>>> print(open('protein_15.cif').read())   # mmCIF, C-alpha atoms and all ligand atoms
data_model
#
loop_
_atom_site.group_PDB
_atom_site.id
_atom_site.type_symbol
_atom_site.label_atom_id
_atom_site.label_comp_id
_atom_site.auth_asym_id
_atom_site.auth_seq_id
_atom_site.Cartn_x
_atom_site.Cartn_y
_atom_site.Cartn_z
ATOM 1 C CA LEU P 1 7.950 -28.679 7.108
ATOM 2 C CA GLU P 2 8.651 -31.070 4.254
ATOM 3 C CA TRP P 3 8.391 -28.053 1.942
ATOM 4 C CA GLY P 4 10.619 -26.011 4.255
ATOM 5 C CA HIS P 5 13.231 -28.737 4.040
ATOM 6 C CA SER P 6 13.200 -28.757 0.201
ATOM 7 C CA ILE P 7 13.596 -24.988 0.114
ATOM 8 C CA ARG P 8 16.441 -25.060 2.611
ATOM 9 C CA GLN P 9 18.196 -27.726 0.532
ATOM 10 C CA ALA P 10 17.784 -25.734 -2.707
ATOM 11 C CA LEU P 11 19.310 -22.657 -1.033
ATOM 12 C CA GLN P 12 22.187 -24.649 0.443
ATOM 13 C CA GLN P 13 22.944 -26.074 -2.991
ATOM 14 C CA ASP P 14 22.742 -22.613 -4.558
ATOM 15 C CA GLU P 15 19.827 -23.640 -6.787
ATOM 16 C CA ILE P 16 18.537 -20.144 -7.282
ATOM 17 C CA GLU P 17 18.040 -17.820 -10.202
ATOM 18 C CA LEU P 18 17.848 -14.044 -9.953
ATOM 19 C CA HIS P 19 15.742 -12.178 -12.492
ATOM 20 C CA TYR P 20 16.531 -8.521 -13.063
ATOM 21 C CA GLN P 21 13.888 -5.849 -13.681
ATOM 22 C CA PRO P 22 14.935 -2.381 -14.944
ATOM 23 C CA ILE P 23 14.069 0.773 -13.000
ATOM 24 C CA TRP P 24 13.439 3.564 -15.505
ATOM 25 C CA ASP P 25 14.633 7.159 -15.034
ATOM 26 C CA PHE P 26 11.712 9.299 -16.328
ATOM 27 C CA LYS P 27 13.720 12.529 -16.585
ATOM 28 C CA ARG P 28 16.775 11.150 -18.358
ATOM 29 C CA GLY P 29 14.924 8.498 -20.356
ATOM 30 C CA HIS P 30 17.172 5.548 -19.589
ATOM 31 C CA VAL P 31 17.530 2.634 -17.184
ATOM 32 C CA ALA P 32 18.721 3.886 -13.774
ATOM 33 C CA TYR P 33 19.347 0.478 -12.178
ATOM 34 C CA PHE P 34 17.862 -3.035 -11.794
ATOM 35 C CA GLU P 35 16.020 -4.898 -9.007
ATOM 36 C CA ALA P 36 17.080 -8.514 -8.401
ATOM 37 C CA LEU P 37 14.077 -10.825 -7.900
ATOM 38 C CA LEU P 38 14.607 -14.327 -6.542
ATOM 39 C CA ARG P 39 13.295 -17.569 -8.073
ATOM 40 C CA LEU P 40 14.103 -21.011 -6.661
ATOM 41 C CA LYS P 41 14.968 -23.946 -8.926
ATOM 42 C CA LEU P 42 13.166 -27.019 -7.669
ATOM 43 C CA ASN P 43 12.748 -30.114 -9.869
ATOM 44 C CA ASP P 44 13.199 -28.091 -13.073
ATOM 45 C CA GLU P 45 10.549 -25.640 -11.989
ATOM 46 C CA LEU P 46 10.953 -21.999 -10.993
ATOM 47 C CA ILE P 47 9.294 -21.246 -7.658
ATOM 48 C CA TYR P 48 8.334 -17.637 -6.853
ATOM 49 C CA PRO P 49 9.047 -15.913 -3.519
ATOM 50 C CA ASN P 50 5.435 -15.807 -2.318
ATOM 51 C CA HIS P 51 5.506 -19.623 -2.282
ATOM 52 C CA PHE P 52 8.571 -20.017 -0.109
ATOM 53 C CA ILE P 53 9.364 -16.841 1.867
ATOM 54 C CA PRO P 54 6.547 -17.448 4.401
ATOM 55 C CA SER P 55 7.929 -20.967 5.115
ATOM 56 C CA LEU P 56 11.452 -19.605 5.544
ATOM 57 C CA GLU P 57 10.129 -16.973 7.942
ATOM 58 C CA LEU P 58 8.366 -19.653 9.990
ATOM 59 C CA LEU P 59 11.606 -21.648 10.176
ATOM 60 C CA ASN P 60 13.634 -18.514 10.984
ATOM 61 C CA ASP P 61 15.766 -19.299 7.950
ATOM 62 C CA THR P 62 15.625 -16.100 5.916
ATOM 63 C CA TYR P 63 19.323 -15.408 6.535
ATOM 64 C CA LEU P 64 20.202 -18.463 4.457
ATOM 65 C CA MET P 65 18.219 -16.967 1.554
ATOM 66 C CA ASP P 66 19.646 -13.451 1.898
ATOM 67 C CA GLN P 67 23.202 -14.780 2.074
ATOM 68 C CA CYS P 68 22.655 -16.797 -1.113
ATOM 69 C CA VAL P 69 21.011 -13.868 -2.969
ATOM 70 C CA ILE P 70 23.751 -11.400 -1.966
ATOM 71 C CA ARG P 71 26.509 -13.697 -3.254
ATOM 72 C CA ASN P 72 24.681 -14.496 -6.502
ATOM 73 C CA ALA P 73 23.806 -10.840 -7.228
ATOM 74 C CA ILE P 74 27.268 -9.448 -6.451
ATOM 75 C CA LYS P 75 28.858 -12.141 -8.625
ATOM 76 C CA SER P 76 26.574 -11.175 -11.534
ATOM 77 C CA VAL P 77 27.326 -7.475 -11.032
ATOM 78 C CA ALA P 78 31.039 -8.324 -11.272
ATOM 79 C CA GLN P 79 30.552 -10.323 -14.470
ATOM 80 C CA HIS P 80 28.019 -8.110 -16.298
ATOM 81 C CA PRO P 81 28.839 -4.426 -16.831
ATOM 82 C CA GLU P 82 25.251 -3.899 -18.107
ATOM 83 C CA LEU P 83 24.185 -4.369 -14.480
ATOM 84 C CA ASN P 84 25.448 -0.888 -13.602
ATOM 85 C CA GLN P 85 23.683 -0.895 -10.243
ATOM 86 C CA VAL P 86 21.490 -3.548 -8.609
ATOM 87 C CA ALA P 87 18.904 -3.411 -5.820
ATOM 88 C CA ILE P 88 18.913 -6.491 -3.578
ATOM 89 C CA ASN P 89 15.891 -7.246 -1.354
ATOM 90 C CA LEU P 90 16.727 -8.096 2.254
ATOM 91 C CA SER P 91 14.275 -9.811 4.596
ATOM 92 C CA ALA P 92 12.961 -8.001 7.621
ATOM 93 C CA GLN P 93 13.819 -11.017 9.749
ATOM 94 C CA SER P 94 17.537 -11.162 8.977
ATOM 95 C CA PHE P 95 18.337 -7.485 8.535
ATOM 96 C CA LEU P 96 19.751 -7.225 12.053
ATOM 97 C CA ASP P 97 21.563 -10.586 11.902
ATOM 98 C CA GLU P 98 25.159 -10.014 12.995
ATOM 99 C CA ARG P 99 26.473 -12.160 10.123
ATOM 100 C CA LEU P 100 24.949 -9.884 7.452
ATOM 101 C CA LEU P 101 27.442 -6.983 7.392
ATOM 102 C CA PRO P 102 30.620 -9.145 7.339
ATOM 103 C CA HIS P 103 29.063 -11.286 4.594
ATOM 104 C CA ILE P 104 28.315 -8.233 2.442
ATOM 105 C CA GLU P 105 31.802 -6.773 3.002
ATOM 106 C CA SER P 106 33.662 -9.990 2.224
ATOM 107 C CA THR P 107 31.545 -10.762 -0.857
ATOM 108 C CA LEU P 108 32.130 -7.270 -2.295
ATOM 109 C CA GLN P 109 35.865 -7.735 -1.721
ATOM 110 C CA GLN P 110 35.930 -11.253 -3.131
ATOM 111 C CA PHE P 111 34.322 -10.183 -6.410
ATOM 112 C CA LYS P 112 35.990 -6.733 -6.445
ATOM 113 C CA VAL P 113 32.665 -4.936 -6.771
ATOM 114 C CA SER P 114 32.340 -1.289 -5.771
ATOM 115 C CA PRO P 115 29.777 -0.928 -2.925
ATOM 116 C CA ALA P 116 28.239 2.013 -4.823
ATOM 117 C CA ARG P 117 26.833 -0.496 -7.340
ATOM 118 C CA ILE P 118 24.620 -2.055 -4.660
ATOM 119 C CA ILE P 119 21.320 -0.766 -3.269
ATOM 120 C CA PHE P 120 19.585 -2.676 -0.465
ATOM 121 C CA GLU P 121 15.775 -2.705 -0.337
ATOM 122 C CA ILE P 122 14.040 -3.213 2.971
ATOM 123 C CA THR P 123 10.365 -2.858 3.798
ATOM 124 C CA GLU P 124 9.149 -0.530 6.507
ATOM 125 C CA SER P 125 8.187 -3.579 8.549
ATOM 126 C CA ALA P 126 11.875 -4.495 8.817
ATOM 127 C CA SER P 127 12.344 -1.681 11.287
ATOM 128 C CA ILE P 128 9.167 -2.043 13.333
ATOM 129 C CA ASN P 129 10.875 -3.843 16.189
ATOM 130 C CA ASN P 130 14.017 -1.818 16.437
ATOM 131 C CA LEU P 131 14.205 1.478 14.619
ATOM 132 C CA VAL P 132 17.439 2.516 16.356
ATOM 133 C CA ALA P 133 19.288 -0.669 15.393
ATOM 134 C CA THR P 134 17.871 -0.566 11.859
ATOM 135 C CA ARG P 135 19.100 3.000 11.447
ATOM 136 C CA ALA P 136 22.550 2.044 12.769
ATOM 137 C CA MET P 137 22.770 -0.874 10.324
ATOM 138 C CA ILE P 138 21.797 1.345 7.374
ATOM 139 C CA GLU P 139 24.394 3.905 8.455
ATOM 140 C CA LYS P 140 27.091 1.221 8.505
ATOM 141 C CA LEU P 141 26.177 0.088 5.001
ATOM 142 C CA ASN P 142 26.005 3.710 3.818
ATOM 143 C CA ARG P 143 29.511 4.316 5.198
ATOM 144 C CA LEU P 144 30.677 1.297 3.237
ATOM 145 C CA GLY P 145 29.268 3.019 0.121
ATOM 146 C CA CYS P 146 26.065 1.011 -0.476
ATOM 147 C CA HIS P 147 22.740 2.738 -1.098
ATOM 148 C CA PHE P 148 19.329 2.106 0.445
ATOM 149 C CA SER P 149 15.725 1.954 -0.652
ATOM 150 C CA ILE P 150 12.557 1.769 1.461
ATOM 151 C CA ASP P 151 10.288 -0.780 -0.266
ATOM 152 C CA ASP P 152 6.461 -0.839 -0.344
ATOM 153 C CA PHE P 153 6.294 2.664 1.111
ATOM 154 C CA GLY P 154 2.916 3.752 2.406
ATOM 155 C CA THR P 155 1.539 0.388 3.480
ATOM 156 C CA GLY P 156 3.282 -0.054 6.851
ATOM 157 C CA PHE P 157 2.818 1.705 10.189
ATOM 158 C CA SER P 158 4.396 5.003 11.309
ATOM 159 C CA THR P 159 5.465 5.508 7.745
ATOM 160 C CA PHE P 160 6.545 9.129 8.124
ATOM 161 C CA ASN P 161 8.653 8.429 11.168
ATOM 162 C CA TYR P 162 10.613 5.850 9.153
ATOM 163 C CA LEU P 163 11.143 8.336 6.395
ATOM 164 C CA LYS P 164 12.504 10.759 8.969
ATOM 165 C CA GLN P 165 14.684 8.218 10.794
ATOM 166 C CA LEU P 166 16.086 6.020 8.023
ATOM 167 C CA PRO P 167 18.888 7.330 5.805
ATOM 168 C CA ALA P 168 17.639 5.792 2.526
ATOM 169 C CA GLN P 169 18.345 7.376 -0.855
ATOM 170 C CA HIS P 170 15.311 5.803 -2.590
ATOM 171 C CA VAL P 171 11.656 5.386 -1.606
ATOM 172 C CA LYS P 172 9.414 2.953 -3.520
ATOM 173 C CA ILE P 173 5.790 4.057 -3.686
ATOM 174 C CA ASP P 174 3.783 0.890 -3.099
ATOM 175 C CA GLY P 175 2.399 -0.588 -6.321
ATOM 176 C CA SER P 176 -1.128 -0.800 -4.902
ATOM 177 C CA PHE P 177 -1.360 3.032 -5.023
ATOM 178 C CA VAL P 178 0.168 3.280 -8.495
ATOM 179 C CA ARG P 179 -1.825 0.570 -10.251
ATOM 180 C CA ASP P 180 -5.219 2.306 -9.800
ATOM 181 C CA MET P 181 -4.116 5.931 -9.618
ATOM 182 C CA LEU P 182 -5.921 6.939 -12.808
ATOM 183 C CA ASN P 183 -9.258 5.542 -11.597
ATOM 184 C CA ASP P 184 -9.040 6.301 -7.907
ATOM 185 C CA PRO P 185 -8.514 9.957 -6.907
ATOM 186 C CA ILE P 186 -7.340 8.906 -3.422
ATOM 187 C CA ASP P 187 -4.562 6.766 -4.894
ATOM 188 C CA LEU P 188 -3.557 9.624 -7.194
ATOM 189 C CA ALA P 189 -3.445 12.035 -4.249
ATOM 190 C CA LEU P 190 -1.265 9.599 -2.267
ATOM 191 C CA VAL P 191 1.180 9.067 -5.138
ATOM 192 C CA LYS P 192 1.536 12.841 -5.553
ATOM 193 C CA ALA P 193 1.907 13.421 -1.810
ATOM 194 C CA ILE P 194 4.585 10.737 -1.385
ATOM 195 C CA ASN P 195 6.440 12.112 -4.397
ATOM 196 C CA ASP P 196 6.311 15.666 -2.968
ATOM 197 C CA ILE P 197 7.704 14.524 0.360
ATOM 198 C CA CYS P 198 10.477 12.563 -1.367
ATOM 199 C CA CYS P 199 11.341 15.662 -3.363
ATOM 200 C CA SER P 200 11.471 17.879 -0.239
ATOM 201 C CA LEU P 201 13.580 15.329 1.624
ATOM 202 C CA ASP P 202 15.915 14.830 -1.322
ATOM 203 C CA ARG P 203 15.108 11.135 -1.770
ATOM 204 C CA HIS P 204 14.507 9.496 -5.157
ATOM 205 C CA SER P 205 10.882 8.449 -5.621
ATOM 206 C CA VAL P 206 10.280 5.128 -7.404
ATOM 207 C CA ALA P 207 6.794 4.085 -8.591
ATOM 208 C CA GLU P 208 6.159 0.308 -8.721
ATOM 209 C CA PHE P 209 3.569 -1.447 -10.941
ATOM 210 C CA VAL P 210 3.794 0.796 -13.992
ATOM 211 C CA GLU P 211 1.481 -1.453 -16.001
ATOM 212 C CA ASN P 212 0.413 0.736 -18.942
ATOM 213 C CA GLN P 213 1.313 3.768 -20.991
ATOM 214 C CA ALA P 214 -1.266 6.072 -19.390
ATOM 215 C CA ILE P 215 0.252 5.480 -15.937
ATOM 216 C CA PHE P 216 3.784 5.842 -17.346
ATOM 217 C CA LEU P 217 2.935 9.266 -18.813
ATOM 218 C CA ALA P 218 1.041 10.423 -15.720
ATOM 219 C CA LEU P 219 3.975 9.566 -13.426
ATOM 220 C CA LYS P 220 6.375 11.397 -15.708
ATOM 221 C CA GLU P 221 4.070 14.443 -15.671
ATOM 222 C CA ILE P 222 3.798 14.369 -11.848
ATOM 223 C CA GLY P 223 7.601 14.381 -11.666
ATOM 224 C CA VAL P 224 8.218 10.976 -10.095
ATOM 225 C CA ASP P 225 11.930 10.153 -10.509
ATOM 226 C CA TYR P 226 11.866 6.463 -11.416
ATOM 227 C CA GLY P 227 9.379 3.786 -12.529
ATOM 228 C CA GLN P 228 9.290 -0.018 -12.496
ATOM 229 C CA GLY P 229 6.683 -2.277 -14.054
ATOM 230 C CA TYR P 230 5.541 -4.612 -16.795
ATOM 231 C CA PHE P 231 4.875 -1.709 -19.219
ATOM 232 C CA ILE P 232 8.555 -0.764 -19.065
ATOM 233 C CA ALA P 233 10.063 -4.253 -18.796
ATOM 234 C CA ARG P 234 9.534 -7.615 -17.122
ATOM 235 C CA PRO P 235 12.136 -9.238 -14.865
ATOM 236 C CA VAL P 236 14.528 -11.412 -16.958
ATOM 237 C CA PRO P 237 17.512 -13.703 -16.283
ATOM 238 C CA VAL P 238 20.901 -11.987 -16.468
ATOM 239 C CA GLU P 239 21.740 -13.481 -19.903
ATOM 240 C CA LYS P 240 18.783 -11.596 -21.398
ATOM 241 C CA ILE P 241 19.615 -8.144 -20.003
ATOM 242 C CA SER P 242 21.537 -6.831 -23.036
ATOM 243 C CA GLU P 243 18.796 -7.923 -25.410
ATOM 244 C CA GLN P 244 16.150 -6.300 -23.222
ATOM 245 C CA LEU P 245 18.106 -3.046 -22.896
ATOM 246 C CA LYS P 246 18.243 -2.799 -26.696
ATOM 247 C CA LYS P 247 14.470 -3.180 -26.874
ATOM 248 C CA ILE P 248 13.602 -0.482 -24.341
ATOM 249 C CA SER P 249 16.212 2.220 -24.886
HETATM 250 O O1 LIG C 1 9.210 -11.139 -7.981
HETATM 251 P P1 LIG C 1 7.989 -11.375 -7.155
HETATM 252 O O2 LIG C 1 6.738 -10.683 -7.493
HETATM 253 O O3 LIG C 1 7.645 -12.801 -7.174
HETATM 254 O O4 LIG C 1 8.382 -11.055 -5.613
HETATM 255 C C1 LIG C 1 7.436 -11.182 -4.612
HETATM 256 C C2 LIG C 1 7.948 -10.649 -3.297
HETATM 257 O O5 LIG C 1 9.144 -11.348 -2.904
HETATM 258 C C3 LIG C 1 8.334 -9.182 -3.324
HETATM 259 O O6 LIG C 1 7.705 -8.554 -2.226
HETATM 260 C C4 LIG C 1 9.799 -9.139 -3.149
HETATM 261 O O7 LIG C 1 10.187 -8.059 -2.306
HETATM 262 C C5 LIG C 1 10.135 -10.461 -2.492
HETATM 263 N N1 LIG C 1 11.452 -10.886 -2.995
HETATM 264 C C6 LIG C 1 11.808 -11.099 -4.278
HETATM 265 N N2 LIG C 1 13.104 -11.450 -4.368
HETATM 266 C C7 LIG C 1 13.588 -11.445 -3.100
HETATM 267 C C8 LIG C 1 14.874 -11.695 -2.531
HETATM 268 O O8 LIG C 1 15.858 -11.962 -3.214
HETATM 269 N N3 LIG C 1 14.982 -11.611 -1.178
HETATM 270 C C9 LIG C 1 13.954 -11.267 -0.385
HETATM 271 N N4 LIG C 1 14.158 -11.209 0.936
HETATM 272 N N5 LIG C 1 12.719 -11.004 -0.871
HETATM 273 C C10 LIG C 1 12.536 -11.088 -2.219
HETATM 274 O O1 LIG C 2 10.187 -6.204 -3.685
HETATM 275 P P1 LIG C 2 8.838 -5.838 -4.149
HETATM 276 O O2 LIG C 2 7.750 -6.104 -3.190
HETATM 277 O O3 LIG C 2 8.774 -4.445 -4.647
HETATM 278 O O4 LIG C 2 8.624 -6.783 -5.395
HETATM 279 C C1 LIG C 2 8.095 -6.312 -6.569
HETATM 280 C C2 LIG C 2 7.246 -7.394 -7.132
HETATM 281 O O5 LIG C 2 6.355 -6.850 -8.104
HETATM 282 C C3 LIG C 2 8.045 -8.457 -7.829
HETATM 283 O O6 LIG C 2 7.502 -9.654 -7.488
HETATM 284 C C4 LIG C 2 7.804 -8.201 -9.312
HETATM 285 O O7 LIG C 2 7.843 -9.404 -10.063
HETATM 286 C C5 LIG C 2 6.412 -7.608 -9.295
HETATM 287 N N1 LIG C 2 6.133 -6.678 -10.388
HETATM 288 C C6 LIG C 2 7.017 -5.981 -11.126
HETATM 289 N N2 LIG C 2 6.394 -5.182 -12.016
HETATM 290 C C7 LIG C 2 5.079 -5.371 -11.828
HETATM 291 C C8 LIG C 2 3.897 -4.823 -12.454
HETATM 292 O O8 LIG C 2 3.935 -3.980 -13.349
HETATM 293 N N3 LIG C 2 2.709 -5.262 -11.978
HETATM 294 C C9 LIG C 2 2.605 -6.165 -10.967
HETATM 295 N N4 LIG C 2 1.386 -6.527 -10.571
HETATM 296 N N5 LIG C 2 3.685 -6.707 -10.362
HETATM 297 C C10 LIG C 2 4.904 -6.304 -10.784
HETATM 298 MN MN MN C 3 11.643 -4.784 -3.691
HETATM 299 NA NA NA C 4 7.503 -3.421 -3.260
#
>>> encode(input="protein_15.cif", output="structure tokens", more="lines below")
Ligand code: G
Ligand code: G
Ligand code: MN
Ligand code: NA
Amino acid sequence: LEWGHSIRQALQQDEIELHYQPIWDFKRGHVAYFEALLRLKLNDELIYPNHFIPSLELLNDTYLMDQCVIRNAIKSVAQHPELNQVAINLSAQSFLDERLLPHIESTLQQFKVSPARIIFEITESASINNLVATRAMIEKLNRLGCHFSIDDFGTGFSTFNYLKQLPAQHVKIDGSFVRDMLNDPIDLALVKAINDICCSLDRHSVAEFVENQAIFLALKEIGVDYGQGYFIARPVPVEKISEQLKKIS
């Protein structure tokens, strides 16, 4: 609880840093968009999400984090044209919070950012409790002009039903399947199958954890749309984006 209190305080005082990781378009050979990844600044140290998201979930405080991340990311999108489009992670716990939609709308207006420059990533587990309400929320954000991505696809329950029910333009193939796909024939089969379904349903497939050149080339050969991972580029603070783009393109 002591820890929970420190995290809460950091969020309230806006002591966060978003790092941006490029998502690579295999067919066109350029960066398609970026994912914003949250780090907390606590006593001059950067704290990673796995160390504080579980505490926030216990305290039912994830909305505070999402609100802070949305404002910070949209502000950076407004100030940095290199951030053509950014994917923002939303927590399962606060996705149906009634404050979320008005906050997104007013922040986009405040910073004069086109909604089309924002993608929201939610995990399948976000919709476990209420698929109907989740779908309705995604539809509202789609009508506003924002895009959607289903994160960690393939690891949740009723996966295919979510794909059918949720109007998301992107589907991220869980990194656990991608990382070992050249050693494990089951993982390879799953990556190919998810990609085929995405193709048939007209969704963009995104492979996470592209950690080496062999995987990069294999994904390109399979026809996966986009890739994200340390082989392509690591997440960096916004001031380093231009420099990083020069290195990889
Ligand atoms: O970047 P990293 O590997 O530390 O992220 C670990 C996990 O934290 C990932 O599953 C990611 O989805 C989640 N995460 C990262 N940034 C955010 C954020 O801004 N908001 C939410 N809700 N989750 C995030
Ligand atoms: O939101 P999501 O669960 O997709 O978060 C992606 C996480 O994966 C982030 O924490 C990011 O830092 C991390 N990540 C990004 N690229 C790689 C990679 O190539 N390998 C591994 N192991 N992790 C990665
Ligand atoms: Mn994500
Ligand atoms: Na993921």
>>> closest_atom_pairs(input="protein_15.cif", of="range 94-150 of chain P", to="range 67-77 of chain P", cutoff="12 Å", atoms="all atoms listed in the file", output="Markdown table")
| residue | atom | partner | partner_atom | distance |
| --- | --- | --- | --- | --- |
| P:Ser94 | CA | P:Gln67 | CA | 9.6 |
| P:Phe95 | CA | P:Gln67 | CA | 10.9 |
| P:Asp97 | CA | P:Gln67 | CA | 10.8 |
| P:Arg99 | CA | P:Gln67 | CA | 9.1 |
| P:Leu100 | CA | P:Gln67 | CA | 7.5 |
| P:Leu101 | CA | P:Gln67 | CA | 10.3 |
| P:Pro102 | CA | P:Gln67 | CA | 10.7 |
| P:His103 | CA | P:Gln67 | CA | 7.3 |
| P:Ile104 | CA | P:Ile70 | CA | 7.1 |
| P:Glu105 | CA | P:Ile70 | CA | 10.5 |
| P:Ser106 | CA | P:Arg71 | CA | 9.7 |
| P:Thr107 | CA | P:Arg71 | CA | 6.3 |
| P:Leu108 | CA | P:Ile74 | CA | 6.8 |
| P:Gln109 | CA | P:Ile74 | CA | 10.0 |
| P:Gln110 | CA | P:Lys75 | CA | 9.0 |
| P:Phe111 | CA | P:Lys75 | CA | 6.2 |
| P:Lys112 | CA | P:Ile74 | CA | 9.1 |
| P:Val113 | CA | P:Ile74 | CA | 7.0 |
| P:Ser114 | CA | P:Val77 | CA | 9.5 |
| P:Pro115 | CA | P:Ile74 | CA | 9.6 |
| P:Ala116 | CA | P:Val77 | CA | 11.4 |
| P:Arg117 | CA | P:Val77 | CA | 7.9 |
| P:Ile118 | CA | P:Ile74 | CA | 8.1 |
| P:Ile119 | CA | P:Ile70 | CA | 11.0 |
| P:Phe120 | CA | P:Ile70 | CA | 9.8 |
| P:Glu121 | CA | P:Ile70 | CA | 11.9 |
>>> resolve_selection(input="protein_15.cif", expression="the PyMOL selection byres (((chain P and resi 29) around 12) and not hetatm)", output="number ranges by chain")
P: 23-28, 30-32, 216, 220, 225-227, 232, 248-249
>>> closest_residue(input="protein_15.cif", among="P:Glu98, P:Asp196, P:Asp152, P:Glu2", to="Val178 in chain P", atoms="all atoms listed in the file")
P:Asp152
>>> closest_residue(input="protein_15.cif", among="P:Leu56, P:Lys164, P:Leu37, P:Met181", to="Gln9 in chain P", atoms="all atoms listed in the file")
P:Leu56
>>> atom_distance(input="protein_15.cif", atom1="CA of Glu35 in chain P", atom2="CA of Pro22 in chain P")
6.5 Å
>>> closest_atom_pairs(input="protein_15.cif", of="chain P", to="ligand LIG 2 (chain C)", cutoff="6 Å", atoms="only C-alpha atoms and all ligand atoms", output="CSV")
residue,atom,partner,partner_atom,distance
P:Asp151,CA,C:LIG2,O3,5.9
P:Phe209,CA,C:LIG2,O8,3.5
P:Val210,CA,C:LIG2,O8,4.8
P:Glu211,CA,C:LIG2,O8,4.4
P:Gln228,CA,C:LIG2,N2,5.9
P:Gly229,CA,C:LIG2,O8,3.3
P:Tyr230,CA,C:LIG2,O8,3.9
>>> residues_near_ligand(input="protein_15.cif", ligand="ligand MN 3 (chain C)", cutoff="12 Å", atoms="all atoms listed in the file", output="NGL selection string")
:P and (20-23 or 34-38 or 49 or 86-92 or 119-124 or 148-153 or 170-175 or 206-209 or 228-229)
>>> closest_residue(input="protein_15.cif", among="P:Gln79, P:Asn142, P:Gln93, P:Ser176", to="ligand NA 4 (chain C)", atoms="all atoms listed in the file")
P:Ser176
